[in-house]
Amino acid sequence: MSDFTSVIEQKKAFHSLKGVTIETIKEAEEKLGLKFAKEYTDYLQKYGVASFFGHELTGLCTSARLNVVDVTIDERQYNQEVPQQLYVVEETNFDNVVVWQDAAGVVYKTAPGEKAKKVGTSLAEFYSVEV
């Protein structure tokens, strides 16, 4: 598994659900018309969805509020400046800031009316310093 899963496992109040199959992941990628980064795929296979110390990460689960497919489709409607190859990792619920990732693993943030700004080279890096 990736460094990202190790990083979040060490966070306060870490909770997760059950991982999903690669087939489920591929279906989600097809629905969004993109590929997930390897570290996000590893995370999905291990946890499905997870949260820690004030952060609720998207994943693959029955909750539309946390499902990466549903959340990404919703966020694309609100911010049409975001490139279609990005998917939502976290809606921060603070100033409507959203954390995104692309297939290469690069992490971006958006705020309403702003273009995506690169904030990290991986989720492991981003969440190592973020919290």
# chains A, B, ... in the order shown; residues from 1 in each chain; ligands from 1
$ closest_atom_pairs --of "stretch 84-127 of chain A" --to "stretch 61-73 of chain A" --cutoff "10 Å" --atoms "only C-alpha atoms" --output "Markdown table"
| residue | atom | partner | partner_atom | distance |
| --- | --- | --- | --- | --- |
| A:Gln84 | CA | A:Thr72 | CA | 9.5 |
| A:Leu86 | CA | A:Thr72 | CA | 8.2 |
| A:Tyr87 | CA | A:Thr72 | CA | 5.5 |
| A:Val88 | CA | A:Thr72 | CA | 5.2 |
| A:Val89 | CA | A:Val68 | CA | 7.1 |
| A:Glu90 | CA | A:Leu66 | CA | 8.4 |
| A:Glu91 | CA | A:Val71 | CA | 8.4 |
| A:Trp100 | CA | A:Thr72 | CA | 9.0 |
$ write_last_selection --atoms "N, CA, C and O atoms" --output "PDB file, in the first residue's frame"
ATOM      1  N   GLN A  84     -11.474  18.499 -16.089  1.00  0.00           N
ATOM      2  CA  GLN A  84     -12.244  17.265 -15.968  1.00  0.00           C
ATOM      3  C   GLN A  84     -11.422  16.065 -15.500  1.00  0.00           C
ATOM      4  O   GLN A  84     -11.994  15.068 -15.072  1.00  0.00           O
ATOM      5  N   LEU A  86      -9.611  15.985 -12.882  1.00  0.00           N
ATOM      6  CA  LEU A  86      -9.468  16.016 -11.429  1.00  0.00           C
ATOM      7  C   LEU A  86     -10.679  15.391 -10.751  1.00  0.00           C
ATOM      8  O   LEU A  86     -11.799  15.484 -11.257  1.00  0.00           O
ATOM      9  N   TYR A  87     -10.466  14.789  -9.610  1.00  0.00           N
ATOM     10  CA  TYR A  87     -11.550  14.235  -8.790  1.00  0.00           C
ATOM     11  C   TYR A  87     -11.382  14.763  -7.365  1.00  0.00           C
ATOM     12  O   TYR A  87     -10.283  15.111  -6.937  1.00  0.00           O
ATOM     13  N   VAL A  88     -12.492  14.832  -6.644  1.00  0.00           N
ATOM     14  CA  VAL A  88     -12.491  15.399  -5.304  1.00  0.00           C
ATOM     15  C   VAL A  88     -11.998  14.378  -4.278  1.00  0.00           C
ATOM     16  O   VAL A  88     -12.506  13.267  -4.210  1.00  0.00           O
ATOM     17  N   VAL A  89     -11.044  14.807  -3.480  1.00  0.00           N
ATOM     18  CA  VAL A  89     -10.545  14.004  -2.370  1.00  0.00           C
ATOM     19  C   VAL A  89     -11.216  14.446  -1.066  1.00  0.00           C
ATOM     20  O   VAL A  89     -11.512  13.628  -0.212  1.00  0.00           O
ATOM     21  N   GLU A  90     -11.469  15.755  -0.945  1.00  0.00           N
ATOM     22  CA  GLU A  90     -12.086  16.265   0.283  1.00  0.00           C
ATOM     23  C   GLU A  90     -12.778  17.590   0.028  1.00  0.00           C
ATOM     24  O   GLU A  90     -12.211  18.478  -0.596  1.00  0.00           O
ATOM     25  N   GLU A  91     -14.001  17.697   0.518  1.00  0.00           N
ATOM     26  CA  GLU A  91     -14.675  18.987   0.640  1.00  0.00           C
ATOM     27  C   GLU A  91     -14.404  19.424   2.073  1.00  0.00           C
ATOM     28  O   GLU A  91     -14.861  18.783   3.016  1.00  0.00           O
ATOM     29  N   TRP A 100      -8.496  18.400  -4.539  1.00  0.00           N
ATOM     30  CA  TRP A 100      -8.623  17.562  -5.734  1.00  0.00           C
ATOM     31  C   TRP A 100      -7.322  16.828  -5.988  1.00  0.00           C
ATOM     32  O   TRP A 100      -6.263  17.243  -5.500  1.00  0.00           O
TER      33      TRP A 100
END
$ residues_around --residues "A:Glu39" --least-positions-apart "2" --cutoff "10 Å" --atoms "only C-alpha atoms" --output "PyMOL selection string"
chain A and resi 1-5+36-37+41-45+103-105+122-124
$ select_by_dssp --residues "chain A" --states "alpha helix (DSSP H)" --output "ChimeraX atom specification"
/A:3-9,22-32,38-47,68-78,123-130
$ write_last_selection --atoms "C-alpha atoms" --output "mmCIF file, in the first residue's frame"
data_model
loop_
_atom_site.group_PDB
_atom_site.id
_atom_site.type_symbol
_atom_site.label_atom_id
_atom_site.label_comp_id
_atom_site.auth_asym_id
_atom_site.auth_seq_id
_atom_site.Cartn_x
_atom_site.Cartn_y
_atom_site.Cartn_z
ATOM 1 C CA ASP A 3 2.615 6.025 1.978
ATOM 2 C CA PHE A 4 -0.721 7.879 1.995
ATOM 3 C CA THR A 5 -2.462 5.086 3.880
ATOM 4 C CA SER A 6 0.374 5.045 6.425
ATOM 5 C CA VAL A 7 0.134 8.813 6.848
ATOM 6 C CA ILE A 8 -3.588 8.893 7.569
ATOM 7 C CA GLU A 9 -3.500 5.818 9.827
ATOM 8 C CA ILE A 22 -10.508 -3.089 -8.208
ATOM 9 C CA GLU A 23 -13.635 -3.724 -10.300
ATOM 10 C CA THR A 24 -15.594 -1.222 -8.184
ATOM 11 C CA ILE A 25 -12.762 1.292 -8.598
ATOM 12 C CA LYS A 26 -12.698 0.849 -12.379
ATOM 13 C CA GLU A 27 -16.479 1.417 -12.541
ATOM 14 C CA ALA A 28 -16.056 4.681 -10.631
ATOM 15 C CA GLU A 29 -13.253 5.780 -12.972
ATOM 16 C CA GLU A 30 -15.462 5.037 -15.977
ATOM 17 C CA LYS A 31 -18.354 7.062 -14.537
ATOM 18 C CA LEU A 32 -16.035 10.034 -14.049
ATOM 19 C CA LYS A 38 -2.185 4.917 -7.614
ATOM 20 C CA GLU A 39 -2.131 6.168 -4.026
ATOM 21 C CA TYR A 40 -5.866 6.943 -4.182
ATOM 22 C CA THR A 41 -6.576 3.503 -5.677
ATOM 23 C CA ASP A 42 -4.528 1.899 -2.871
ATOM 24 C CA TYR A 43 -6.527 3.929 -0.328
ATOM 25 C CA LEU A 44 -9.838 2.816 -1.880
ATOM 26 C CA GLN A 45 -8.777 -0.834 -1.877
ATOM 27 C CA LYS A 46 -7.706 -0.663 1.768
ATOM 28 C CA TYR A 47 -10.422 1.556 3.295
ATOM 29 C CA VAL A 68 -16.032 10.332 -4.900
ATOM 30 C CA VAL A 69 -18.241 9.917 -7.969
ATOM 31 C CA ASP A 70 -21.207 11.854 -6.568
ATOM 32 C CA VAL A 71 -19.082 14.554 -4.943
ATOM 33 C CA THR A 72 -16.924 15.092 -8.030
ATOM 34 C CA ILE A 73 -19.960 15.387 -10.313
ATOM 35 C CA ASP A 74 -21.536 17.911 -7.911
ATOM 36 C CA GLU A 75 -18.346 19.959 -7.564
ATOM 37 C CA ARG A 76 -17.836 20.048 -11.332
ATOM 38 C CA GLN A 77 -21.202 21.842 -11.593
ATOM 39 C CA TYR A 78 -20.177 24.460 -9.019
ATOM 40 C CA LEU A 123 -1.793 13.005 -0.990
ATOM 41 C CA ALA A 124 0.868 11.564 1.334
ATOM 42 C CA GLU A 125 2.835 14.809 1.131
ATOM 43 C CA PHE A 126 -0.233 17.048 1.385
ATOM 44 C CA TYR A 127 -1.776 15.340 4.417
ATOM 45 C CA SER A 128 1.614 14.938 6.125
ATOM 46 C CA VAL A 129 1.877 18.698 6.488
ATOM 47 C CA GLU A 130 -1.831 19.626 6.356
#
$ select_by_dssp --residues "stretch 31-82 of chain A" --states "strand (DSSP E)" --output "list in words"
Ala50, Ser51, Phe52, His55 and Glu56 of chain A
$ write_last_selection --atoms "C-alpha atoms" --output "PDB file, in the first residue's frame"
ATOM      1  CA  ALA A  50     -11.848   7.254   5.771  1.00  0.00           C
ATOM      2  CA  SER A  51     -11.878  10.219   8.120  1.00  0.00           C
ATOM      3  CA  PHE A  52      -9.556  11.677  10.731  1.00  0.00           C
ATOM      4  CA  HIS A  55     -11.218  15.584   7.681  1.00  0.00           C
ATOM      5  CA  GLU A  56     -13.695  13.414   5.793  1.00  0.00           C
TER       6      GLU A  56
END
$ atom_distance --atom1 "atom CA of A:Val119" --atom2 "atom CA of A:Asn79"
17.7 Å
$ atom_distance --atom1 "atom CA of A:Val49" --atom2 "atom CA of A:Lys115"
26.5 Å
$ residues_around --residues "A:Val106" --least-positions-apart "3" --cutoff "7 Å" --atoms "only C-alpha atoms" --output "PyMOL selection string"
chain A and resi 101-102+120-122
$ atom_distance --atom1 "atom CA of A:Gly48" --atom2 "atom CA of A:Lys109"
22.1 Å
